[in-house]
file entry.tsv (TSV, C-alpha atoms)
chain	number	residue	atom	x	y	z
P	1	ASP	CA	135.40	98.76	-246.11
P	2	VAL	CA	138.67	98.54	-244.14
P	3	ILE	CA	136.98	99.43	-240.84
P	4	ARG	CA	134.14	96.97	-241.41
P	5	LYS	CA	136.51	94.11	-242.27
P	6	LEU	CA	138.76	94.90	-239.32
P	7	GLN	CA	135.74	94.85	-237.01
P	8	ASP	CA	134.65	91.50	-238.49
P	9	ARG	CA	138.09	90.06	-237.69
P	10	THR	CA	138.68	91.62	-234.27
P	11	ALA	CA	135.44	93.03	-232.82
P	12	GLY	CA	137.73	95.70	-231.40
P	13	PHE	CA	135.62	98.81	-232.01
P	14	LYS	CA	133.08	99.77	-229.35
P	15	SER	CA	131.92	102.78	-231.34
P	16	PHE	CA	132.52	104.83	-234.45
P	17	ILE	CA	132.31	108.62	-234.67
P	18	PRO	CA	132.07	110.11	-238.17
P	19	TRP	CA	133.64	113.53	-237.58
P	20	THR	CA	133.42	116.37	-240.03
P	21	PHE	CA	136.64	117.97	-241.22
P	22	GLN	CA	137.59	120.90	-238.99
P	23	LYS	CA	139.52	123.51	-240.92
P	24	GLN	CA	142.30	124.91	-238.75
P	25	THR	CA	143.98	127.15	-241.29
P	26	LYS	CA	143.12	129.70	-243.95
P	27	LYS	CA	145.98	128.59	-246.20
P	28	PHE	CA	143.69	126.43	-248.30
P	29	TYR	CA	139.99	126.26	-248.96
P	30	VAL	CA	137.94	123.28	-247.85
P	31	ARG	CA	134.20	123.70	-247.80
P	32	ALA	CA	132.37	123.00	-244.60
P	33	VAL	CA	130.22	119.88	-244.65
P	34	PRO	CA	126.55	120.89	-244.57
P	35	ALA	CA	124.45	119.35	-241.80
P	36	GLN	CA	122.28	117.47	-244.31
P	37	GLU	CA	125.35	115.80	-245.84
P	38	TYR	CA	126.70	114.87	-242.40
P	39	LEU	CA	123.36	113.30	-241.47
P	40	LYS	CA	123.42	111.22	-244.66
P	41	VAL	CA	126.93	110.00	-243.85
P	42	LEU	CA	125.79	109.14	-240.33
P	43	GLY	CA	122.91	107.06	-241.69
P	44	ILE	CA	125.22	105.27	-244.12
P	45	CYS	CA	127.62	104.52	-241.25
P	46	ARG	CA	124.77	102.98	-239.25
P	47	ILE	CA	123.82	100.74	-242.17
P	48	PHE	CA	127.29	99.82	-243.43
P	49	LEU	CA	128.95	99.48	-240.02
P	50	ASP	CA	126.20	97.30	-238.56
P	51	ASN	CA	128.91	95.22	-236.91
P	52	ILE	CA	129.86	98.18	-234.67
P	53	ASP	CA	127.35	98.52	-231.84
P	54	HIS	CA	127.47	102.26	-231.33
P	55	ILE	CA	127.57	105.17	-233.78
P	56	GLU	CA	128.26	108.45	-231.99
P	57	THR	CA	127.70	112.08	-232.81
P	58	SER	CA	129.04	115.19	-231.11
P	59	LEU	CA	127.38	118.39	-229.96
P	60	MET	CA	130.81	119.96	-229.72
P	61	VAL	CA	131.15	119.98	-233.50
P	62	LEU	CA	127.52	120.11	-234.62
P	63	GLY	CA	125.49	121.97	-232.01
P	64	GLN	CA	122.20	120.96	-230.38
P	65	GLY	CA	119.90	121.11	-233.41
P	66	VAL	CA	121.99	118.87	-235.63
P	67	GLY	CA	122.77	116.71	-232.59
P	68	GLN	CA	119.06	116.00	-232.14
P	69	LEU	CA	118.68	115.17	-235.83
P	70	ALA	CA	121.75	112.94	-235.65
P	71	LEU	CA	120.05	110.81	-233.01
P	72	HIS	CA	117.24	110.23	-235.49
P	73	SER	CA	119.67	109.56	-238.35
P	74	GLY	CA	121.64	106.64	-236.96
P	75	ALA	CA	123.58	107.85	-233.93
P	76	ASP	CA	122.77	106.18	-230.62
P	77	ASP	CA	125.13	108.16	-228.43
P	78	ILE	CA	126.25	111.75	-228.08
P	79	SER	CA	129.93	111.84	-227.29
P	80	SER	CA	131.20	114.63	-225.10
P	81	ILE	CA	128.18	114.55	-222.80
P	82	VAL	CA	130.39	114.93	-219.79
P	83	ILE	CA	128.77	117.45	-217.48
P	84	GLU	CA	131.98	118.03	-215.51
P	85	GLU	CA	133.66	119.32	-218.65
P	86	ASN	CA	132.80	122.66	-220.21
P	87	VAL	CA	131.90	121.15	-223.58
P	88	LEU	CA	128.15	121.12	-223.02
P	89	ARG	CA	128.09	124.33	-221.02
P	90	SER	CA	129.21	126.20	-224.10
P	91	TYR	CA	126.11	124.84	-225.90
P	92	GLY	CA	123.65	125.87	-223.19
P	93	ILE	CA	123.44	122.51	-221.42
P	94	LYS	CA	124.66	123.47	-217.99
P	95	SER	CA	123.54	120.55	-215.82
P	96	GLU	CA	122.75	116.86	-215.90
P	97	ASP	CA	119.04	117.75	-215.71
P	98	LYS	CA	119.34	119.86	-218.87
P	99	ALA	CA	121.23	117.06	-220.62
P	100	ARG	CA	118.45	114.64	-219.67
P	101	LYS	CA	115.81	117.09	-220.89
P	102	PHE	CA	117.68	117.58	-224.17
P	103	LEU	CA	117.65	113.81	-224.78
P	104	GLN	CA	114.02	113.42	-223.69
P	105	ASP	CA	112.94	116.30	-225.92
P	106	SER	CA	114.72	114.50	-228.75
P	107	GLY	CA	112.54	111.45	-228.05
P	108	PHE	CA	115.16	109.31	-226.34
P	109	VAL	CA	115.80	107.80	-222.93
P	110	PRO	CA	118.80	109.36	-221.18
P	111	VAL	CA	121.15	106.72	-219.81
P	112	ARG	CA	124.42	107.17	-217.98
P	113	ARG	CA	127.10	104.77	-219.15
P	114	ASP	CA	130.75	103.95	-218.68
P	115	LEU	CA	133.39	103.78	-221.43
P	116	LEU	CA	132.41	100.19	-222.24
P	117	TYR	CA	128.74	101.14	-222.68
P	118	ASN	CA	127.56	99.52	-219.46
P	119	TYR	CA	124.54	101.33	-218.00
P	120	LEU	CA	125.18	103.18	-214.74
P	121	ASP	CA	122.56	104.30	-212.23
P	122	LEU	CA	119.64	103.78	-214.60
P	123	ASP	CA	116.63	105.65	-213.21
P	124	PRO	CA	113.77	103.29	-212.28
P	125	GLU	CA	111.36	105.27	-214.49
P	126	TYR	CA	113.54	104.45	-217.52
P	127	ARG	CA	114.33	100.78	-216.82
P	128	GLN	CA	111.42	99.56	-218.95
P	129	THR	CA	112.32	101.60	-222.02
P	130	ALA	CA	116.14	101.54	-222.09

call {"tool": "encode", "arguments": {"input": "entry.tsv", "output": "structure tokens"}}
result
Amino acid sequence: DVIRKLQDRTAGFKSFIPWTFQKQTKKFYVRAVPAQEYLKVLGICRIFLDNIDHIETSLMVLGQGVGQLALHSGADDISSIVIEENVLRSYGIKSEDKARKFLQDSGFVPVRRDLLYNYLDLDPEYRQTA
């Protein structure tokens, strides 16, 4: 509720990314969050944080399969889709064409954007649907 109220007051958040806990040590036990539970949280974020325009997901943490499901569960952006970085390469997406295909196969229109969510170089074939 704190994030929602802060956004109502300031409109300062461009996006929200519900990350799963990443265990970095074996000194204590914390169960991994199952994909199904993460997808539920993502959907709840989309509903509850309706005053934040963009809900993101990450292939870096979840992998391609859950990433595709996340787009159908409330996320409208996949963070870390930066082809110049090695993030996507480690998940088998080695070029911009493959990233576009991944999004199209998921049923979405691939759009390049800047950090403020302005569309960049939108392909003419996608202008009608984006």

call {"tool": "residues_around", "arguments": {"input": "entry.tsv", "residues": "Leu115 in chain P", "least_positions_apart": "2", "cutoff": "12 Å", "atoms": "all atoms listed in the file", "output": "PyMOL selection string"}}
result
chain P and resi 13-15+54+77+79-80+82+112-113+117-120

call {"tool": "residues_around", "arguments": {"input": "entry.tsv", "residues": "Ser58 in chain P", "least_positions_apart": "6", "cutoff": "9 Å", "atoms": "all atoms listed in the file", "output": "JSON, numbers by chain"}}
result
{"P": [17, 19, 64, 67, 70, 77, 78, 79, 80, 81]}

call {"tool": "closest_residue", "arguments": {"input": "entry.tsv", "among": "P:Leu116, P:Ala75, P:Leu69, P:Ile44", "to": "Phe102 in chain P", "atoms": "all atoms listed in the file"}}
result
P:Leu69

call {"tool": "residues_around", "arguments": {"input": "entry.tsv", "residues": "Val2 in chain P", "least_positions_apart": "4", "cutoff": "12 Å", "atoms": "only C-alpha atoms", "output": "count of residues only"}}
result
6

call {"tool": "closest_residue", "arguments": {"input": "entry.tsv", "among": "P:Pro34, P:Leu103, P:Thr20, P:Arg46", "to": "Met60 in chain P", "atoms": "all atoms listed in the file"}}
result
P:Thr20

call {"tool": "atom_distance", "arguments": {"input": "entry.tsv", "atom1": "CA of Ile3 in chain P", "atom2": "CA of Phe16 in chain P"}}
result
9.5 Å

call {"tool": "closest_residue", "arguments": {"input": "entry.tsv", "among": "P:Lys98, P:Val33, P:Asp114, P:Gly107", "to": "Leu62 in chain P", "atoms": "all atoms listed in the file"}}
result
P:Val33

call {"tool": "closest_residue", "arguments": {"input": "entry.tsv", "among": "P:Ala11, P:Val66, P:Val111, P:Ala99", "to": "Gln36 in chain P", "atoms": "all atoms listed in the file"}}
result
P:Val66

call {"tool": "atom_distance", "arguments": {"input": "entry.tsv", "atom1": "CA of Asp53 in chain P", "atom2": "CA of Gly74 in chain P"}}
result
11.2 Å

call {"tool": "closest_residue", "arguments": {"input": "entry.tsv", "among": "P:Gln68, P:Glu56, P:Gly12, P:Lys5", "to": "Ala35 in chain P", "atoms": "only C-alpha atoms"}}
result
P:Gln68

call {"tool": "closest_residue", "arguments": {"input": "entry.tsv", "among": "P:Lys40, P:Arg31, P:Arg4, P:His72", "to": "Ser106 in chain P", "atoms": "all atoms listed in the file"}}
result
P:His72

call {"tool": "atom_distance", "arguments": {"input": "entry.tsv", "atom1": "CA of Gly63 in chain P", "atom2": "CA of Leu39 in chain P"}}
result
13.0 Å
